[in-house]
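Below: the structure, in structure tokens.
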Amino acid sequence: MSPKAEIEIVRSVADLRARVRAWKSAGLTVGMVPTMGALHEGHLSLVRLAKTRADRVLASVFVNPTQFGPNEDFDAYPRDEGRDAELLAGAGCDLMFAPTVAEMYPPGASTTVTVAGVSEPLDGQARPGHFAGVATVVSKLLNQGQPDVAVFGEKDYQQLQVIKRLVADLDLPVEVLGAPTARAEDGLALSSRNAYLSDAERAQAPALGRALKAAAAALKGGARVDAVEAEALAAIQAAGFSSIDYFEVRGASDLSRLGPGPIVGEARILTAARLGKTRLIDNMGV
Ligand code: PAF
């Protein structure tokens, strides 16, 4: 039996900076994959993509309290640092940054980063304050890790656009890469929150991906946005989702509203819906 791969874990910003400084002074490039842990194949695909673009890869594992609303699942969010470390090591990640909340937000921390426009619709409406929390922690993580390349999943498509916007607006010297959504065989987008689903809900969940696929095909065929959205909403409801926050066709980079007629140019269909207590999000390009 071959020995299990191990990964070095650092918990302070000072230690992280020292490790990254050593890599950079040896002429190595650095890739970063920010995560909230509870890792799955989707996260590991981000690490693998980062490895194709940088000599060393670091992943952060930090469940960021500022991006959860007061009635959301911050306390319940799955945490298993040992398993995360093993998975990252197995994927060839070189360093794990796992700071405490106090390290990331020491007493007195009072700066929030907000991104206007792209963070306002969709999850910006459904989860007030969420993207300010994301933008703030990602700004901090990118400053702390100083990577050349940072990889984020397209699964959180709106988040990816918010991060691209903030990196451009703040002149952060990092290339942001989006990686395609990893899916289960039945099409369900991989997510740490899938762990909340009961067996029955897990069987219903792929309806979201199916509705996106059908909508993308219809839009490609020239269907009207309003008709496609209405049909998808009906299909998701019929599949047993208890509430739907949105199913909308938007511009691919600025997330502006498209329709009501057929689309012209690149679009993204985004949806968020609840199965019981679990909120699932997914999206697809057209
Ligand atoms: O996508 C996530 O896991 C988080 O939103 C991120 C980007 C790590 C910020 O906490």
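Letters A, B, ... go to the chains of the structure tokens in the order shown; residues in each chain start at 1; ligands are counted from 1 in the same order.
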message: Around ligand 1, which protein and nucleic acid residues have at least one atom no more than 8 Å from it, if we count only C-alpha atoms and all ligand atoms? List them as a PyMOL selection string.
response: chain A and resi 33-37+60-64+67+133-135+137-138+152-153+156+159
task: Determine, counting only C-alpha atoms, which protein, DNA and RNA residues have an atom within 9 Å of an atom of Gln144 of chain A; residues of the same chain fewer than 6 positions away are not included. Present the result as a PyMOL selection string.
output: chain A and resi 13-14+16-17
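As for atom CA of Lys213 of chain A and atom CA of Val225 of chain A, they are spaced 14.0 Å apart.
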- prompt: Neighbours of Ala109 of chain A within 12 Å (only C-alpha atoms; same-chain residues fewer than 3 positions away dropped), as JSON, numbers by chain?
  reply: {"A": [66, 101, 102, 103, 104, 105, 106, 112, 136, 137, 140]}
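Minimum atom-to-atom distances from A:Ala211, A:Gly69, A:Ile269, A:Ala217 to Ala238 of chain A were compared using only C-alpha atoms, and the lowest value belongs to A:Ala211.
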From a DSSP pass on the backbone, collect the residues of segment 164-193 of chain A flagged as helix (DSSP H, G or I) and hand them back as a compact mmCIF listing (two decimals) with N, CA, C and O atoms, in the first residue's frame.
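Writing the result to states-v8.txt gives the following:
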# COMPACT_ATOMS: atom_id res chain seq x y z
N LYS A 164 -14.51 38.64 -10.90
CA LYS A 164 -13.81 39.20 -12.06
C LYS A 164 -13.89 40.73 -12.04
O LYS A 164 -12.93 41.43 -12.34
N ARG A 165 -15.09 41.22 -11.69
CA ARG A 165 -15.30 42.67 -11.65
C ARG A 165 -14.42 43.32 -10.58
O ARG A 165 -13.77 44.32 -10.80
N LEU A 166 -14.37 42.69 -9.40
CA LEU A 166 -13.60 43.31 -8.31
C LEU A 166 -12.10 43.27 -8.59
O LEU A 166 -11.39 44.22 -8.30
N VAL A 167 -11.64 42.20 -9.22
CA VAL A 167 -10.21 42.10 -9.55
C VAL A 167 -9.83 43.17 -10.58
O VAL A 167 -8.79 43.82 -10.47
N ALA A 168 -10.73 43.39 -11.55
CA ALA A 168 -10.47 44.43 -12.55
C ALA A 168 -10.53 45.81 -11.89
O ALA A 168 -9.64 46.64 -12.08
N ASP A 169 -11.56 46.04 -11.07
CA ASP A 169 -11.75 47.38 -10.50
C ASP A 169 -10.66 47.74 -9.49
O ASP A 169 -10.30 48.91 -9.36
N SER A 192 -21.30 21.28 -2.05
CA SER A 192 -21.17 20.82 -0.66
C SER A 192 -22.55 20.71 -0.02
O SER A 192 -22.77 19.89 0.87
N ARG A 193 -23.49 21.55 -0.46
CA ARG A 193 -24.83 21.54 0.15
C ARG A 193 -25.67 20.34 -0.30
O ARG A 193 -26.72 20.08 0.29
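Distances here use only C-alpha atoms; by that measure, the residue among A:Asp282, A:Asp199, A:Glu81, A:Asp186 closest to Leu212 of chain A is A:Asp282.
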message: List the spatial neighbours of Ala227 of chain A as a list in words - criterion: any atom at most 10 Å away, only C-alpha atoms, same-chain residues fewer than 3 positions off excluded.
response: Ala215, Ala218, Leu219, Ala223, Arg224, Ala230, Glu231, Ala232, Gly259, Pro260, Gly261 and Pro262 of chain A
Store the residues of this selection in a file with N, CA, C and O atoms, as a PDB file, in the first residue's frame.
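Written file, selection25.pdb:
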ATOM      1  N   ALA A 215     -33.905  24.501 -21.490  1.00  0.00           N
ATOM      2  CA  ALA A 215     -34.009  25.939 -21.786  1.00  0.00           C
ATOM      3  C   ALA A 215     -32.904  26.366 -22.741  1.00  0.00           C
ATOM      4  O   ALA A 215     -33.149  27.125 -23.693  1.00  0.00           O
ATOM      5  N   ALA A 218     -33.746  25.242 -26.207  1.00  0.00           N
ATOM      6  CA  ALA A 218     -34.835  26.027 -26.797  1.00  0.00           C
ATOM      7  C   ALA A 218     -34.335  27.409 -27.220  1.00  0.00           C
ATOM      8  O   ALA A 218     -34.667  27.897 -28.312  1.00  0.00           O
ATOM      9  N   LEU A 219     -33.529  28.037 -26.375  1.00  0.00           N
ATOM     10  CA  LEU A 219     -33.017  29.379 -26.721  1.00  0.00           C
ATOM     11  C   LEU A 219     -32.128  29.319 -27.958  1.00  0.00           C
ATOM     12  O   LEU A 219     -32.183  30.201 -28.815  1.00  0.00           O
ATOM     13  N   ALA A 223     -36.123  30.238 -29.477  1.00  0.00           N
ATOM     14  CA  ALA A 223     -37.348  30.458 -28.672  1.00  0.00           C
ATOM     15  C   ALA A 223     -37.265  31.781 -27.911  1.00  0.00           C
ATOM     16  O   ALA A 223     -36.170  32.293 -27.642  1.00  0.00           O
ATOM     17  N   ARG A 224     -38.423  32.292 -27.521  1.00  0.00           N
ATOM     18  CA  ARG A 224     -38.489  33.548 -26.759  1.00  0.00           C
ATOM     19  C   ARG A 224     -38.076  33.297 -25.311  1.00  0.00           C
ATOM     20  O   ARG A 224     -38.429  32.261 -24.723  1.00  0.00           O
ATOM     21  N   ALA A 230     -40.897  30.606 -18.493  1.00  0.00           N
ATOM     22  CA  ALA A 230     -42.172  30.130 -17.931  1.00  0.00           C
ATOM     23  C   ALA A 230     -42.225  28.601 -17.944  1.00  0.00           C
ATOM     24  O   ALA A 230     -42.650  27.963 -16.963  1.00  0.00           O
ATOM     25  N   GLU A 231     -41.770  28.020 -19.035  1.00  0.00           N
ATOM     26  CA  GLU A 231     -41.786  26.551 -19.146  1.00  0.00           C
ATOM     27  C   GLU A 231     -40.870  25.918 -18.093  1.00  0.00           C
ATOM     28  O   GLU A 231     -41.203  24.922 -17.454  1.00  0.00           O
ATOM     29  N   ALA A 232     -39.692  26.514 -17.908  1.00  0.00           N
ATOM     30  CA  ALA A 232     -38.728  25.969 -16.939  1.00  0.00           C
ATOM     31  C   ALA A 232     -39.279  26.070 -15.524  1.00  0.00           C
ATOM     32  O   ALA A 232     -39.169  25.126 -14.724  1.00  0.00           O
ATOM     33  N   GLY A 259     -34.288  39.330 -23.056  1.00  0.00           N
ATOM     34  CA  GLY A 259     -35.666  39.008 -23.393  1.00  0.00           C
ATOM     35  C   GLY A 259     -36.518  40.247 -23.481  1.00  0.00           C
ATOM     36  O   GLY A 259     -35.999  41.342 -23.422  1.00  0.00           O
ATOM     37  N   PRO A 260     -37.835  40.151 -23.605  1.00  0.00           N
ATOM     38  CA  PRO A 260     -38.623  38.911 -23.575  1.00  0.00           C
ATOM     39  C   PRO A 260     -38.526  38.086 -24.858  1.00  0.00           C
ATOM     40  O   PRO A 260     -38.910  36.932 -24.864  1.00  0.00           O
ATOM     41  N   GLY A 261     -37.957  38.641 -25.926  1.00  0.00           N
ATOM     42  CA  GLY A 261     -37.882  37.902 -27.191  1.00  0.00           C
ATOM     43  C   GLY A 261     -36.670  36.978 -27.216  1.00  0.00           C
ATOM     44  O   GLY A 261     -36.022  36.763 -26.183  1.00  0.00           O
ATOM     45  N   PRO A 262     -36.333  36.440 -28.371  1.00  0.00           N
ATOM     46  CA  PRO A 262     -35.177  35.545 -28.512  1.00  0.00           C
ATOM     47  C   PRO A 262     -33.876  36.260 -28.147  1.00  0.00           C
ATOM     48  O   PRO A 262     -33.784  37.483 -28.259  1.00  0.00           O
TER      49      PRO A 262
END
Taking only segment 69-208 of chain A into account, list the residues labelled strand (DSSP E) by DSSP (computed from the backbone), as a PDB file with all heavy atoms, in the first residue's frame.
ATOM      1  N   LEU A  95      -0.228  23.346  -0.627  1.00  0.00           N
ATOM      2  CA  LEU A  95      -0.366  24.018   0.666  1.00  0.00           C
ATOM      3  C   LEU A  95      -1.835  24.298   0.933  1.00  0.00           C
ATOM      4  O   LEU A  95      -2.576  24.673   0.027  1.00  0.00           O
ATOM      5  CB  LEU A  95       0.401  25.358   0.622  1.00  0.00           C
ATOM      6  CG  LEU A  95       0.474  26.176   1.899  1.00  0.00           C
ATOM      7  CD1 LEU A  95       1.355  25.471   2.943  1.00  0.00           C
ATOM      8  CD2 LEU A  95       1.063  27.562   1.604  1.00  0.00           C
ATOM      9  N   MET A  96      -2.239  24.102   2.205  1.00  0.00           N
ATOM     10  CA  MET A  96      -3.626  24.426   2.574  1.00  0.00           C
ATOM     11  C   MET A  96      -3.561  25.576   3.587  1.00  0.00           C
ATOM     12  O   MET A  96      -2.807  25.508   4.557  1.00  0.00           O
ATOM     13  CB  MET A  96      -4.256  23.178   3.193  1.00  0.00           C
ATOM     14  CG  MET A  96      -5.608  23.373   3.825  1.00  0.00           C
ATOM     15  SD  MET A  96      -6.346  21.724   4.103  1.00  0.00           S
ATOM     16  CE  MET A  96      -7.331  22.056   5.539  1.00  0.00           C
ATOM     17  N   PHE A  97      -4.334  26.605   3.324  1.00  0.00           N
ATOM     18  CA  PHE A  97      -4.427  27.744   4.244  1.00  0.00           C
ATOM     19  C   PHE A  97      -5.764  27.624   4.955  1.00  0.00           C
ATOM     20  O   PHE A  97      -6.815  27.726   4.314  1.00  0.00           O
ATOM     21  CB  PHE A  97      -4.327  29.051   3.440  1.00  0.00           C
ATOM     22  CG  PHE A  97      -4.523  30.299   4.254  1.00  0.00           C
ATOM     23  CD1 PHE A  97      -3.869  30.476   5.474  1.00  0.00           C
ATOM     24  CD2 PHE A  97      -5.343  31.321   3.791  1.00  0.00           C
ATOM     25  CE1 PHE A  97      -4.047  31.648   6.222  1.00  0.00           C
ATOM     26  CE2 PHE A  97      -5.522  32.495   4.522  1.00  0.00           C
ATOM     27  CZ  PHE A  97      -4.877  32.657   5.733  1.00  0.00           C
ATOM     28  N   VAL A 149      -2.514  33.222 -10.412  1.00  0.00           N
ATOM     29  CA  VAL A 149      -3.768  32.744 -11.008  1.00  0.00           C
ATOM     30  C   VAL A 149      -4.689  32.283  -9.877  1.00  0.00           C
ATOM     31  O   VAL A 149      -4.225  31.635  -8.934  1.00  0.00           O
ATOM     32  CB  VAL A 149      -3.484  31.511 -11.911  1.00  0.00           C
ATOM     33  CG1 VAL A 149      -4.761  30.931 -12.462  1.00  0.00           C
ATOM     34  CG2 VAL A 149      -2.545  31.855 -13.030  1.00  0.00           C
ATOM     35  N   ALA A 150      -5.974  32.623  -9.949  1.00  0.00           N
ATOM     36  CA  ALA A 150      -6.932  32.114  -8.953  1.00  0.00           C
ATOM     37  C   ALA A 150      -8.073  31.441  -9.699  1.00  0.00           C
ATOM     38  O   ALA A 150      -8.555  31.968 -10.710  1.00  0.00           O
ATOM     39  CB  ALA A 150      -7.458  33.245  -8.084  1.00  0.00           C
ATOM     40  N   VAL A 151      -8.486  30.269  -9.218  1.00  0.00           N
ATOM     41  CA  VAL A 151      -9.499  29.497  -9.936  1.00  0.00           C
ATOM     42  C   VAL A 151     -10.775  29.399  -9.097  1.00  0.00           C
ATOM     43  O   VAL A 151     -10.731  29.057  -7.903  1.00  0.00           O
ATOM     44  CB  VAL A 151      -8.984  28.071 -10.262  1.00  0.00           C
ATOM     45  CG1 VAL A 151     -10.011  27.328 -11.110  1.00  0.00           C
ATOM     46  CG2 VAL A 151      -7.652  28.131 -10.999  1.00  0.00           C
ATOM     47  N   PHE A 152     -11.913  29.684  -9.732  1.00  0.00           N
ATOM     48  CA  PHE A 152     -13.230  29.608  -9.097  1.00  0.00           C
ATOM     49  C   PHE A 152     -14.150  28.805 -10.005  1.00  0.00           C
ATOM     50  O   PHE A 152     -13.999  28.825 -11.222  1.00  0.00           O
ATOM     51  CB  PHE A 152     -13.822  31.014  -8.897  1.00  0.00           C
ATOM     52  CG  PHE A 152     -12.996  31.893  -8.004  1.00  0.00           C
ATOM     53  CD1 PHE A 152     -11.931  32.632  -8.522  1.00  0.00           C
ATOM     54  CD2 PHE A 152     -13.262  31.984  -6.644  1.00  0.00           C
ATOM     55  CE1 PHE A 152     -11.156  33.440  -7.702  1.00  0.00           C
ATOM     56  CE2 PHE A 152     -12.491  32.788  -5.812  1.00  0.00           C
ATOM     57  CZ  PHE A 152     -11.440  33.516  -6.342  1.00  0.00           C
ATOM     58  N   GLY A 153     -15.133  28.137  -9.423  1.00  0.00           N
ATOM     59  CA  GLY A 153     -16.036  27.306 -10.201  1.00  0.00           C
ATOM     60  C   GLY A 153     -17.122  28.120 -10.889  1.00  0.00           C
ATOM     61  O   GLY A 153     -17.659  29.076 -10.320  1.00  0.00           O
ATOM     62  N   GLU A 175      -4.782  36.632 -12.373  1.00  0.00           N
ATOM     63  CA  GLU A 175      -5.678  36.210 -13.457  1.00  0.00           C
ATOM     64  C   GLU A 175      -6.758  35.324 -12.847  1.00  0.00           C
ATOM     65  O   GLU A 175      -6.444  34.353 -12.145  1.00  0.00           O
ATOM     66  CB  GLU A 175      -4.874  35.429 -14.494  1.00  0.00           C
ATOM     67  CG  GLU A 175      -5.698  35.021 -15.698  1.00  0.00           C
ATOM     68  CD  GLU A 175      -4.944  34.088 -16.653  1.00  0.00           C
ATOM     69  OE1 GLU A 175      -3.759  33.805 -16.403  1.00  0.00           O
ATOM     70  OE2 GLU A 175      -5.568  33.629 -17.623  1.00  0.00           O
ATOM     71  N   VAL A 176      -8.013  35.658 -13.096  1.00  0.00           N
ATOM     72  CA  VAL A 176      -9.118  34.856 -12.559  1.00  0.00           C
ATOM     73  C   VAL A 176      -9.598  33.883 -13.629  1.00  0.00           C
ATOM     74  O   VAL A 176      -9.953  34.288 -14.731  1.00  0.00           O
ATOM     75  CB  VAL A 176     -10.286  35.759 -12.102  1.00  0.00           C
ATOM     76  CG1 VAL A 176     -11.476  34.922 -11.664  1.00  0.00           C
ATOM     77  CG2 VAL A 176      -9.833  36.667 -10.975  1.00  0.00           C
ATOM     78  N   LEU A 177      -9.610  32.608 -13.279  1.00  0.00           N
ATOM     79  CA  LEU A 177     -10.068  31.577 -14.217  1.00  0.00           C
ATOM     80  C   LEU A 177     -11.349  30.943 -13.698  1.00  0.00           C
ATOM     81  O   LEU A 177     -11.444  30.617 -12.506  1.00  0.00           O
ATOM     82  CB  LEU A 177      -9.032  30.459 -14.318  1.00  0.00           C
ATOM     83  CG  LEU A 177      -7.714  30.731 -15.015  1.00  0.00           C
ATOM     84  CD1 LEU A 177      -6.881  29.463 -15.024  1.00  0.00           C
ATOM     85  CD2 LEU A 177      -7.966  31.195 -16.444  1.00  0.00           C
ATOM     86  N   GLY A 178     -12.305  30.731 -14.594  1.00  0.00           N
ATOM     87  CA  GLY A 178     -13.521  29.991 -14.241  1.00  0.00           C
ATOM     88  C   GLY A 178     -13.373  28.558 -14.721  1.00  0.00           C
ATOM     89  O   GLY A 178     -12.871  28.330 -15.820  1.00  0.00           O
ATOM     90  N   ALA A 179     -13.787  27.605 -13.899  1.00  0.00           N
ATOM     91  CA  ALA A 179     -13.692  26.191 -14.287  1.00  0.00           C
ATOM     92  C   ALA A 179     -15.103  25.625 -14.438  1.00  0.00           C
ATOM     93  O   ALA A 179     -16.000  25.959 -13.656  1.00  0.00           O
ATOM     94  CB  ALA A 179     -12.932  25.408 -13.225  1.00  0.00           C
TER      95      ALA A 179
END
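Contact shell of Glu248 of chain A at 8 Å (only C-alpha atoms; same-chain neighbours under 3 positions omitted): Glu229, Arg257, Ile269, Leu270 and Thr271 of chain A.
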Just the selected residues (N, CA and C atoms), exported as a PDB file, in the first residue's frame, please.
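What follows is the written file selection08.pdb:
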ATOM      1  N   GLU A 229     -38.513  30.742 -19.967  1.00  0.00           N
ATOM      2  CA  GLU A 229     -38.479  30.886 -18.497  1.00  0.00           C
ATOM      3  C   GLU A 229     -39.754  30.322 -17.865  1.00  0.00           C
ATOM      4  N   ARG A 257     -30.552  41.729 -17.745  1.00  0.00           N
ATOM      5  CA  ARG A 257     -31.755  40.971 -18.086  1.00  0.00           C
ATOM      6  C   ARG A 257     -31.886  40.883 -19.590  1.00  0.00           C
ATOM      7  N   ILE A 269     -28.059  31.155 -18.335  1.00  0.00           N
ATOM      8  CA  ILE A 269     -29.327  30.920 -17.631  1.00  0.00           C
ATOM      9  C   ILE A 269     -28.954  30.558 -16.208  1.00  0.00           C
ATOM     10  N   LEU A 270     -29.568  31.258 -15.256  1.00  0.00           N
ATOM     11  CA  LEU A 270     -29.217  31.020 -13.854  1.00  0.00           C
ATOM     12  C   LEU A 270     -30.465  30.688 -13.060  1.00  0.00           C
ATOM     13  N   THR A 271     -30.336  29.759 -12.130  1.00  0.00           N
ATOM     14  CA  THR A 271     -31.491  29.390 -11.312  1.00  0.00           C
ATOM     15  C   THR A 271     -31.088  29.087  -9.879  1.00  0.00           C
TER      16      THR A 271
END
message: Can you pull out the residues contacting Ala91 of chain A? Cut-off 12 Å, using only C-alpha atoms, and skip same-chain residues under 4 positions away; I want them as a ChimeraX atom specification.
response: /A:4-7,39-51,57-59,84-87,95-96
task: Tell me, as a PyMOL selection string, which residues lie within 7 Å of Val162 of chain A, counting only C-alpha atoms; anything in the same chain fewer than 5 positions away does not count.
output: chain A and resi 115+118-119
Write the residues you've just listed into a file as a PDB file, in the first residue's frame, and include N, CA and C atoms for each of them.
ATOM      1  N   VAL A 115     -19.458  45.306  -4.633  1.00  0.00           N
ATOM      2  CA  VAL A 115     -19.338  45.402  -6.086  1.00  0.00           C
ATOM      3  C   VAL A 115     -20.729  45.746  -6.606  1.00  0.00           C
ATOM      4  N   VAL A 118     -23.204  43.919 -11.009  1.00  0.00           N
ATOM      5  CA  VAL A 118     -23.291  42.476 -11.228  1.00  0.00           C
ATOM      6  C   VAL A 118     -23.676  41.701  -9.955  1.00  0.00           C
ATOM      7  N   SER A 119     -23.453  42.298  -8.788  1.00  0.00           N
ATOM      8  CA  SER A 119     -23.816  41.564  -7.569  1.00  0.00           C
ATOM      9  C   SER A 119     -25.236  41.896  -7.098  1.00  0.00           C
TER      10      SER A 119
END
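Interatomic distance, atom CA of Ala205 of chain A to atom CA of Leu275 of chain A: 7.4 Å.
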